[in-house]
$ cat input_10.cif   # mmCIF, C-alpha atoms
data_structure
#
loop_
_atom_site.label_atom_id
_atom_site.label_comp_id
_atom_site.auth_asym_id
_atom_site.auth_seq_id
_atom_site.Cartn_x
_atom_site.Cartn_y
_atom_site.Cartn_z
CA MET A 1 67.75 -6.20 -53.44
CA VAL A 2 70.11 -8.77 -54.87
CA VAL A 3 73.86 -8.99 -54.31
CA TYR A 4 76.21 -10.46 -56.91
CA ILE A 5 79.61 -11.57 -55.58
CA PHE A 6 82.60 -12.18 -57.84
CA PRO A 7 86.30 -13.05 -57.49
CA VAL A 8 88.75 -10.18 -57.91
CA ASP A 9 92.35 -9.96 -59.08
CA VAL A 10 93.98 -8.99 -55.78
CA GLY A 11 97.20 -7.99 -57.51
CA LYS A 12 95.35 -5.39 -59.57
CA VAL A 13 93.40 -4.27 -56.49
CA ASN A 14 96.55 -3.63 -54.47
CA ARG A 15 98.25 -1.91 -57.40
CA LEU A 16 95.17 0.38 -57.45
CA GLU A 17 94.47 -0.66 -61.05
CA LEU A 18 91.07 -1.98 -59.97
CA ASP A 19 88.69 -0.33 -57.51
CA ALA A 20 84.99 -0.06 -56.73
CA GLY A 21 84.54 3.25 -58.54
CA LEU A 22 86.14 1.95 -61.73
CA CYS A 23 84.00 -1.21 -61.59
CA GLU A 24 80.82 0.77 -60.99
CA SER A 25 81.57 3.07 -63.92
CA ARG A 26 81.97 0.05 -66.23
CA ILE A 27 78.83 -1.57 -64.75
CA ARG A 28 76.83 1.56 -65.54
CA GLY A 29 78.32 1.37 -69.03
CA LEU A 30 76.43 -1.90 -69.44
CA GLY A 31 73.19 -0.03 -68.79
CA LEU A 32 72.85 -1.30 -65.21
CA GLN A 33 72.22 0.86 -62.14
CA PRO A 34 73.61 -0.40 -58.83
CA VAL A 35 71.50 0.64 -55.82
CA SER A 36 72.70 3.99 -54.49
CA ASP A 37 69.84 4.96 -52.14
CA PRO A 38 71.72 5.72 -48.89
CA THR A 39 68.80 4.56 -46.74
CA TYR A 40 69.25 0.98 -48.01
CA ARG A 41 71.79 -1.53 -46.75
CA GLU A 42 71.96 -5.19 -47.65
CA GLU A 43 72.91 -7.86 -45.11
CA ALA A 44 73.41 -11.55 -45.78
CA ARG A 45 69.83 -12.38 -44.75
CA LYS A 46 67.86 -9.11 -44.74
CA VAL A 47 67.61 -5.83 -46.59
CA LYS A 48 67.74 -3.03 -44.03
CA ARG A 49 66.30 0.46 -44.41
CA ILE A 50 66.98 3.54 -42.29
CA ARG A 51 63.94 5.72 -41.58
CA HIS A 52 63.34 8.81 -39.48
CA LYS A 53 61.23 8.14 -36.41
CA LEU A 54 59.16 11.26 -37.14
CA GLY A 55 58.06 9.83 -40.50
CA GLY A 56 56.45 12.54 -42.64
CA LYS A 57 57.19 15.17 -40.00
CA ALA A 58 60.95 14.70 -40.36
CA PRO A 59 62.98 17.51 -41.97
CA PRO A 60 62.77 17.11 -45.78
CA ASN A 61 66.57 16.95 -46.03
CA TRP A 62 67.00 14.50 -43.14
CA VAL A 63 68.73 11.90 -45.32
CA GLN A 64 71.39 14.41 -46.35
CA LEU A 65 71.81 15.50 -42.73
CA TYR A 66 72.01 11.87 -41.62
CA LEU A 67 74.73 11.13 -44.17
CA GLN A 68 76.69 14.08 -42.85
CA GLY A 69 76.42 12.71 -39.31
CA ARG A 70 74.17 15.62 -38.28
CA ILE A 71 71.13 13.59 -37.20
CA PRO A 72 71.38 12.10 -33.67
CA PRO A 73 71.32 8.30 -33.98
CA ASP A 74 68.33 8.03 -31.63
CA GLN A 75 66.17 9.95 -34.15
CA VAL A 76 66.46 7.23 -36.79
CA GLU A 77 65.83 3.51 -36.80
CA GLU A 78 66.82 0.64 -39.05
CA VAL A 79 64.05 -1.77 -40.05
CA ASP A 80 63.92 -5.00 -42.06
CA GLU A 81 62.66 -4.22 -45.54
CA ASP A 82 62.90 -7.50 -47.43
CA ASP A 83 64.75 -10.82 -47.67
CA SER A 84 68.18 -10.72 -49.31
CA ILE A 85 69.09 -12.59 -52.45
CA ILE A 86 72.78 -13.45 -52.71
CA VAL A 87 74.32 -14.78 -55.93
CA VAL A 88 77.85 -16.14 -55.49
CA ASP A 89 80.09 -16.81 -58.49
CA PRO A 90 80.88 -20.57 -58.61
CA GLU A 91 84.61 -19.84 -58.81
CA LEU A 92 84.56 -18.53 -55.23
CA PRO A 93 85.22 -21.07 -52.44
CA PHE A 94 81.97 -20.46 -50.54
CA LYS A 95 78.21 -20.46 -51.00
CA ALA A 96 75.63 -17.86 -49.98
CA GLU A 97 74.67 -19.84 -46.87
CA ASP A 98 78.30 -19.78 -45.68
CA ILE A 99 78.29 -15.98 -45.27
CA ALA A 100 78.01 -14.63 -41.70
CA ASP A 101 74.39 -13.68 -41.02
CA ASP A 102 75.31 -10.17 -39.87
CA PHE A 103 77.66 -9.40 -42.78
CA SER A 104 76.82 -6.01 -44.28
CA PHE A 105 77.18 -5.46 -48.05
CA GLY A 106 75.90 -1.87 -47.88
CA ASN A 107 74.79 -0.80 -51.35
CA GLY A 108 76.57 0.23 -54.58
CA THR A 109 79.80 -1.51 -55.51
CA THR A 110 82.55 -2.75 -53.21
CA ILE A 111 85.89 -4.48 -53.55
CA GLY A 112 87.16 -6.02 -50.35
CA GLY A 113 86.06 -9.28 -48.84
CA VAL A 114 83.26 -11.29 -47.29
CA ARG A 115 83.28 -12.76 -43.78
CA LEU A 116 82.10 -16.35 -43.51
CA LYS A 117 80.35 -17.96 -40.54
CA ASP A 118 83.64 -19.57 -39.43
CA GLY A 119 85.18 -16.08 -39.11
CA THR A 120 87.46 -16.28 -42.16
CA TRP A 121 87.50 -13.57 -44.82
CA VAL A 122 87.59 -14.25 -48.56
CA ASP A 123 88.75 -11.55 -50.99
CA CYS A 124 86.06 -10.66 -53.54
CA GLY A 125 83.96 -7.86 -55.00
CA PHE A 126 80.21 -7.34 -54.90
CA VAL A 127 77.51 -5.12 -56.31
CA VAL A 128 73.94 -4.53 -55.13
CA PHE A 129 71.02 -4.24 -57.56
CA ASP A 130 67.30 -3.81 -57.21
CA HIS A 131 65.27 -7.04 -57.44
CA LYS A 132 63.53 -5.78 -60.57
CA ASP A 133 66.85 -5.57 -62.45
CA ARG A 134 67.78 -9.19 -61.85
CA ALA A 135 66.86 -10.55 -65.29
CA LYS A 136 68.79 -7.73 -66.95
CA VAL A 137 71.83 -8.40 -64.76
CA ASP A 138 71.75 -12.14 -65.36
CA LYS A 139 72.03 -11.56 -69.10
CA VAL A 140 75.44 -9.89 -68.69
CA ILE A 141 76.74 -11.77 -65.66
CA ASP A 142 79.89 -12.91 -67.51
CA ARG A 143 80.69 -9.28 -68.34
CA LEU A 144 80.25 -8.39 -64.68
CA LYS A 145 82.73 -11.06 -63.69
CA ASP A 146 85.22 -9.72 -66.23
CA ILE A 147 84.81 -6.25 -64.76
CA PHE A 148 85.58 -7.42 -61.22
CA MET A 149 88.60 -9.34 -62.51
CA GLY A 150 89.84 -6.20 -64.26
CA ARG A 151 89.55 -7.77 -67.71
CA MET B 1 110.41 -31.78 26.03
CA LEU B 2 107.57 -33.80 24.50
CA ASP B 3 107.93 -37.52 24.06
CA PRO B 4 108.17 -38.18 20.23
CA SER B 5 105.99 -41.28 20.59
CA PHE B 6 103.22 -39.05 21.94
CA LEU B 7 103.50 -36.81 18.86
CA ASN B 8 102.95 -39.86 16.62
CA ALA B 9 99.75 -40.85 18.42
CA ILE B 10 98.02 -37.70 19.70
CA ASN B 11 94.59 -38.56 21.05
CA THR B 12 93.46 -35.12 22.16
CA SER B 13 92.81 -31.73 20.56
CA LEU B 14 95.81 -29.43 20.24
CA ILE B 15 94.66 -26.15 21.77
CA PRO B 16 96.79 -23.01 22.44
CA VAL B 17 96.59 -21.34 25.81
CA SER B 18 95.67 -17.94 24.23
CA ASP B 19 93.57 -17.02 21.16
CA ASN B 20 95.35 -15.74 18.04
CA VAL B 21 98.82 -15.45 19.62
CA TYR B 22 100.94 -18.45 18.62
CA THR B 23 102.10 -19.54 15.13
CA LEU B 24 102.82 -23.01 13.75
CA GLY B 25 106.36 -22.75 12.30
CA SER B 26 108.12 -19.52 11.36
CA SER B 27 109.22 -17.70 8.22
CA THR B 28 112.56 -19.53 8.30
CA LEU B 29 111.52 -22.81 9.95
CA ARG B 30 108.42 -23.95 8.06
CA TRP B 31 106.42 -27.20 8.00
CA SER B 32 106.81 -28.81 4.56
CA ASP B 33 103.11 -29.64 4.17
CA VAL B 34 99.80 -29.60 6.02
CA ARG B 35 97.38 -32.50 5.49
CA THR B 36 93.90 -31.76 6.74
CA ALA B 37 90.32 -32.74 5.97
CA LEU B 38 89.09 -29.20 6.48
CA LEU B 39 90.83 -25.85 6.41
CA ASN B 40 89.01 -23.25 8.50
CA GLY B 41 86.00 -25.53 8.11
CA TRP B 42 86.25 -25.53 4.29
CA ASN B 43 86.77 -28.77 2.37
CA PRO B 44 89.15 -28.13 -0.56
CA ASP B 45 88.65 -31.66 -1.99
CA ALA B 46 84.91 -31.09 -2.39
CA HIS B 47 85.65 -28.22 -4.79
CA ALA B 48 88.47 -29.82 -6.75
CA SER B 49 86.31 -29.87 -9.89
CA ARG B 50 86.33 -26.09 -9.88
CA HIS B 51 89.89 -26.24 -11.08
CA ALA B 52 89.28 -28.67 -13.93
CA ASP B 53 87.93 -27.51 -17.30
CA GLY B 54 84.34 -28.65 -17.53
CA GLY B 55 84.19 -29.61 -13.82
CA ALA B 56 80.85 -29.54 -12.02
CA ASP B 57 81.41 -26.03 -10.67
CA GLU B 58 84.24 -25.07 -13.00
CA ILE B 59 85.67 -21.61 -12.48
CA THR B 60 89.09 -22.12 -13.99
CA GLY B 61 88.46 -19.95 -17.04
CA LYS B 62 87.14 -17.08 -14.98
CA LEU B 63 89.93 -17.44 -12.42
CA ASP B 64 92.58 -17.45 -15.14
CA TYR B 65 90.93 -14.43 -16.76
CA ARG B 66 90.79 -12.57 -13.46
CA ALA B 67 94.36 -13.57 -12.63
CA MET B 68 95.63 -12.28 -15.98
CA ASN B 69 93.11 -9.44 -15.93
CA ILE B 70 93.31 -9.21 -19.71
CA ILE B 71 92.61 -11.08 -22.93
CA GLN B 72 93.41 -9.92 -26.43
CA ALA B 73 92.56 -10.73 -30.03
CA LYS B 74 93.40 -9.20 -33.38
CA ALA B 75 92.80 -9.71 -37.08
CA ILE B 76 94.49 -8.24 -40.12
CA ARG B 77 93.53 -7.64 -43.76
CA THR B 78 96.01 -7.20 -46.60
CA THR B 79 93.66 -6.41 -49.50
CA THR B 80 92.77 -2.78 -50.22
CA PHE B 81 89.08 -2.05 -49.68
CA SER B 82 87.18 0.39 -51.88
CA THR B 83 83.47 1.14 -52.07
CA THR B 84 80.82 3.37 -53.60
CA SER B 85 78.33 2.33 -50.91
CA THR B 86 76.43 5.12 -49.19
CA SER B 87 75.42 2.75 -46.37
CA TYR B 88 77.78 0.81 -44.14
CA VAL B 89 79.79 -2.12 -45.53
CA ASP B 90 81.94 -4.47 -43.42
CA ILE B 91 85.67 -3.87 -43.93
CA MET B 92 87.26 -6.19 -41.36
CA SER B 93 86.41 -7.88 -38.07
CA VAL B 94 87.71 -9.70 -35.04
CA SER B 95 85.86 -12.04 -32.68
CA VAL B 96 86.56 -12.61 -29.01
CA THR B 97 84.95 -14.76 -26.33
CA LEU B 98 84.54 -12.90 -23.03
CA PRO B 99 84.55 -15.27 -20.01
CA ALA B 100 82.73 -12.70 -17.88
CA ALA B 101 81.25 -9.21 -18.09
CA SER B 102 84.02 -7.00 -19.46
CA ASN B 103 85.21 -3.65 -20.61
CA VAL B 104 86.63 -3.91 -24.11
CA LEU B 105 89.06 -1.53 -25.77
CA ILE B 106 88.77 -1.71 -29.56
CA PHE B 107 91.24 -0.23 -32.05
CA SER B 108 91.30 -0.29 -35.83
CA GLN B 109 93.51 1.32 -38.42
CA VAL B 110 94.44 0.80 -42.07
CA PHE B 111 97.47 1.96 -44.06
CA ARG B 112 95.65 5.07 -45.26
CA THR B 113 92.19 6.19 -46.31
CA TYR B 114 90.94 8.77 -48.77
CA ASN B 115 88.06 9.68 -51.09
CA ASN B 116 88.31 10.53 -54.79
CA LEU B 117 85.92 13.48 -54.53
CA ALA B 118 86.74 17.00 -53.30
CA PHE B 119 85.08 17.89 -49.98
CA ALA B 120 83.84 14.30 -49.59
CA ALA B 121 84.25 12.49 -46.28
CA ASN B 122 84.62 8.78 -45.80
CA PHE B 123 82.71 7.64 -42.73
CA GLN B 124 83.71 4.65 -40.67
CA GLN B 125 82.33 3.06 -37.54
CA LEU B 126 83.04 0.32 -35.02
CA VAL B 127 80.22 -2.15 -34.42
CA GLU B 128 79.71 -4.84 -31.77
CA ASP B 129 77.74 -7.56 -33.57
CA ALA B 130 74.92 -5.35 -34.94
CA THR B 131 75.27 -2.42 -32.53
CA PRO B 132 77.19 0.69 -33.64
CA LEU B 133 79.67 1.83 -30.98
CA ARG B 134 81.48 4.78 -32.52
CA GLU B 135 81.42 6.66 -35.83
CA ILE B 136 83.96 9.11 -37.22
CA ALA B 137 84.28 11.12 -40.45
CA LEU B 138 87.51 11.25 -42.42
CA GLY B 139 86.88 14.33 -44.53
CA ASN B 140 88.55 16.00 -47.46
CA SER B 141 88.48 19.43 -45.82
CA LEU B 142 90.37 20.97 -48.73
CA ASN B 143 89.06 21.56 -52.23
CA ASP B 144 90.98 18.59 -53.44
CA SER B 145 90.54 14.86 -53.73
CA HIS B 146 92.74 11.99 -52.58
CA ILE B 147 93.71 13.74 -49.35
CA THR B 148 94.92 10.91 -47.14
CA HIS B 149 93.67 10.60 -43.58
CA ASN B 150 94.73 8.77 -40.46
CA SER B 151 92.08 6.07 -40.15
CA LEU B 152 92.60 5.28 -36.45
CA ILE B 153 89.32 4.68 -34.63
CA GLN B 154 89.04 3.50 -31.05
CA HIS B 155 86.36 2.91 -28.47
CA LEU B 156 86.12 1.73 -24.85
CA ARG B 157 83.09 -0.55 -24.65
CA VAL B 158 82.03 -0.51 -21.01
CA GLY B 159 79.95 -3.40 -19.66
CA ALA B 160 80.02 -5.91 -22.50
CA THR B 161 78.23 -9.08 -21.43
CA ALA B 162 79.95 -12.48 -21.33
CA GLY B 163 79.95 -14.48 -24.56
CA THR B 164 81.36 -14.35 -28.07
CA LYS B 165 81.37 -10.89 -29.68
CA THR B 166 82.35 -9.82 -33.18
CA TYR B 167 83.78 -6.31 -33.47
CA LYS B 168 83.70 -4.89 -36.99
CA LEU B 169 85.04 -1.88 -38.86
CA GLN B 170 82.51 -0.60 -41.41
CA GLY B 171 82.78 2.17 -44.01
CA ARG B 172 80.53 4.30 -46.23
CA VAL B 173 80.99 7.23 -48.61
CA PRO B 174 78.97 10.16 -50.02
CA SER B 175 76.89 9.59 -53.17
CA GLY B 176 78.88 9.59 -56.38
CA SER B 177 82.27 9.04 -54.79
CA THR B 178 84.66 6.18 -54.13
CA GLY B 179 86.28 5.68 -50.75
CA TYR B 180 89.52 3.79 -50.24
CA TRP B 181 90.85 2.00 -47.17
CA GLU B 182 94.28 0.88 -48.36
CA MET B 183 95.73 -2.30 -46.86
CA TYR B 184 98.78 -4.20 -48.05
CA THR B 185 101.10 -6.91 -46.81
CA SER B 186 102.59 -6.34 -43.35
CA PRO B 187 103.61 -3.95 -41.97
CA SER B 188 101.24 -1.92 -44.18
CA HIS B 189 98.24 -4.14 -43.36
CA GLY B 190 94.89 -3.15 -41.86
CA GLU B 191 94.36 -4.26 -38.29
CA ILE B 192 91.54 -4.48 -35.79
CA CYS B 193 92.31 -5.54 -32.24
CA VAL B 194 90.55 -5.82 -28.90
CA ILE B 195 91.85 -5.83 -25.34
CA ALA B 196 89.32 -6.99 -22.73
CA PHE B 197 89.42 -6.92 -18.96
CA PRO B 198 86.82 -7.68 -16.27
CA SER B 199 84.33 -4.90 -15.63
#

$ encode --input "input_10.cif" --output "structure tokens"
Amino acid sequence: MVVYIFPVDVGKVNRLELDAGLCESRIRGLGLQPVSDPTYREEARKVKRIRHKLGGKAPPNWVQLYLQGRIPPDQVEEVDEDDSIIVVDPELPFKAEDIADDFSFGNGTTIGGVRLKDGTWVDCGFVVFDHKDRAKVDKVIDRLKDIFMGR
Amino acid sequence: MLDPSFLNAINTSLIPVSDNVYTLGSSTLRWSDVRTALLNGWNPDAHASRHADGGADEITGKLDYRAMNIIQAKAIRTTTFSTTSTSYVDIMSVSVTLPAASNVLIFSQVFRTYNNLAFAANFQQLVEDATPLREIALGNSLNDSHITHNSLIQHLRVGATAGTKTYKLQGRVPSGSTGYWEMYTSPSHGEICVIAFPS
């Protein structure tokens, strides 16, 4: 998976004029599909995937049950799936390597902040895409930035 | 009455006639200082470095910690967090360096939290570095959206090892919904704090 990080207009965020759901709706309007598979979570260095320890013998609806908090945590495990790719907008005051190794981006679209290795937080928004969509995303990256700025 | 010149040049051991009966000075008539090479056979000078930061057998940090019995740290966020993520995303964090094995009480709360979808629950959890400690659901139990919930989450972490720890609040939401953790300027900010004491 690949994470794109952009600056946000904090004034619009705190006036609730700009939020993750609104951004994601506009992103989908560009023909892009942010990752929404709940078993995937992106960290700064690794893509993590939740799987049931019983594998194929797990209940068919175990993901739904897990999301509802109805699967005991010791029945699932989180494994490294892939290396992360992080693309940081040049307007932001940090680079991908500055982000804390254990920072979790989750999936989908988020407006909030990123924690750096020195412990500071920087306000921003981010969206997670599948690796295979990267070329398509790069073609409209300026539009994505506008969306996160509420323009 | 003893001759004062004898007291200035004692050349014999000073031994009481009975064991553990007599006291040197009293609560109201005290000696101002005692200068001695050993005290009960223990040499305080040989361990002076214990009381200096970085000394050979430094214990100052641990002694201070045990004397206070508590350390604290907190962090705040003033930007509203929203997400469509169905897996956990970091919302805010605080780091603390534990001088010794500790029990750590962790609290976190934002101004308010809600989800834009009827019957949808925001989930949040406290994490120590990469280890989840406690998870709670903040559900829209009514057939309505935007029901606000008290976001307080707390956990007593028993037996944390010495060293630097990062405690994080993370959030996730059901598919197709947006969850909000509203945080504004103080006193409506989001806050995560830890109170640690020796275990």

$ interface_residues --input "input_10.cif" --of "chain A" --to "chain B" --cutoff "7 Å" --atoms "all atoms listed in the file" --output "short mmCIF file (atom, residue, chain, number, x, y, z; two decimals) with C-alpha atoms, in the coordinates of the input"
data_model
loop_
_atom_site.label_atom_id
_atom_site.label_comp_id
_atom_site.auth_asym_id
_atom_site.auth_seq_id
_atom_site.Cartn_x
_atom_site.Cartn_y
_atom_site.Cartn_z
CA VAL A 10 93.98 -8.99 -55.78
CA VAL A 13 93.40 -4.27 -56.49
CA ASN A 14 96.55 -3.63 -54.47
CA ASP A 19 88.69 -0.33 -57.51
CA ALA A 20 84.99 -0.06 -56.73
CA GLY A 21 84.54 3.25 -58.54
CA SER A 36 72.70 3.99 -54.49
CA PRO A 38 71.72 5.72 -48.89
CA THR A 39 68.80 4.56 -46.74
CA TYR A 40 69.25 0.98 -48.01
CA ARG A 41 71.79 -1.53 -46.75
CA ASP A 102 75.31 -10.17 -39.87
CA PHE A 103 77.66 -9.40 -42.78
CA SER A 104 76.82 -6.01 -44.28
CA PHE A 105 77.18 -5.46 -48.05
CA GLY A 106 75.90 -1.87 -47.88
CA ASN A 107 74.79 -0.80 -51.35
CA GLY A 108 76.57 0.23 -54.58
CA THR A 109 79.80 -1.51 -55.51
CA THR A 110 82.55 -2.75 -53.21
CA ILE A 111 85.89 -4.48 -53.55
CA GLY A 112 87.16 -6.02 -50.35
#

$ atom_distance --input "input_10.cif" --atom1 "atom CA of A:Pro34" --atom2 "atom CA of A:Asp130"
7.4 Å

$ atom_distance --input "input_10.cif" --atom1 "atom CA of A:Gln64" --atom2 "atom CA of A:Arg45"
26.9 Å

$ atom_distance --input "input_10.cif" --atom1 "atom CA of A:Phe126" --atom2 "atom CA of A:Tyr4"
5.5 Å

$ resolve_selection --input "input_10.cif" --expression "the PyMOL selection byres ((chain A and resi 144-149) around 8)" --output "ChimeraX atom specification"
/A:6-9,18,23,26-27,125,140-143,150-151

$ residues_around --input "input_10.cif" --residues "B:Val158" --least-positions-apart "6" --cutoff "12 Å" --atoms "all atoms listed in the file" --output "PyMOL selection string"
chain B and resi 101-106+128+133+195-199

$ resolve_selection --input "input_10.cif" --expression "the PyMOL selection byres ((chain A and resi 88) around 7)" --output "PyMOL selection string"
chain A and resi 4-6+86-87+89-90+95-96

$ residues_around --input "input_10.cif" --residues "B:Ala73" --least-positions-apart "4" --cutoff "7 Å" --atoms "all atoms listed in the file" --output "list in words"
Val96, Cys193, Val194 and Ile195 of chain B

$ decode --input "input_10.cif" --residues "stretch 32-43 of chain B" --atoms "N, CA and C atoms" --output "CSV table (one decimal), in the first residue's frame"
chain,number,residue,atom,x,y,z
B,32,SER,N,26.4,18.8,67.1
B,32,SER,CA,26.1,19.5,65.9
B,32,SER,C,26.5,18.7,64.7
B,33,ASP,N,27.5,17.8,64.8
B,33,ASP,CA,27.9,17.0,63.6
B,33,ASP,C,28.7,15.8,64.1
B,34,VAL,N,28.7,14.8,63.3
B,34,VAL,CA,29.6,13.6,63.6
B,34,VAL,C,30.5,13.4,62.5
B,35,ARG,N,31.8,13.4,62.7
B,35,ARG,CA,32.8,13.1,61.6
B,35,ARG,C,33.3,11.8,61.9
B,36,THR,N,33.2,10.9,60.9
B,36,THR,CA,33.6,9.5,61.1
B,36,THR,C,34.0,8.9,59.8
B,37,ALA,N,35.0,8.0,59.8
B,37,ALA,CA,35.4,7.3,58.6
B,37,ALA,C,34.4,6.3,58.2
B,38,LEU,N,33.9,5.6,59.2
B,38,LEU,CA,32.9,4.6,58.9
B,38,LEU,C,31.7,4.8,59.8
B,39,LEU,N,30.5,4.4,59.4
B,39,LEU,CA,29.3,4.5,60.2
B,39,LEU,C,28.7,3.1,60.2
B,40,ASN,N,28.7,2.5,61.4
B,40,ASN,CA,28.3,1.1,61.5
B,40,ASN,C,29.0,0.2,60.5
B,41,GLY,N,30.3,0.6,60.3
B,41,GLY,CA,31.1,-0.2,59.4
B,41,GLY,C,31.0,0.2,57.9
B,42,TRP,N,30.1,1.1,57.6
B,42,TRP,CA,29.8,1.5,56.2
B,42,TRP,C,30.5,2.8,55.9
B,43,ASN,N,31.1,2.9,54.7
B,43,ASN,CA,31.9,4.1,54.3
B,43,ASN,C,31.1,4.9,53.4
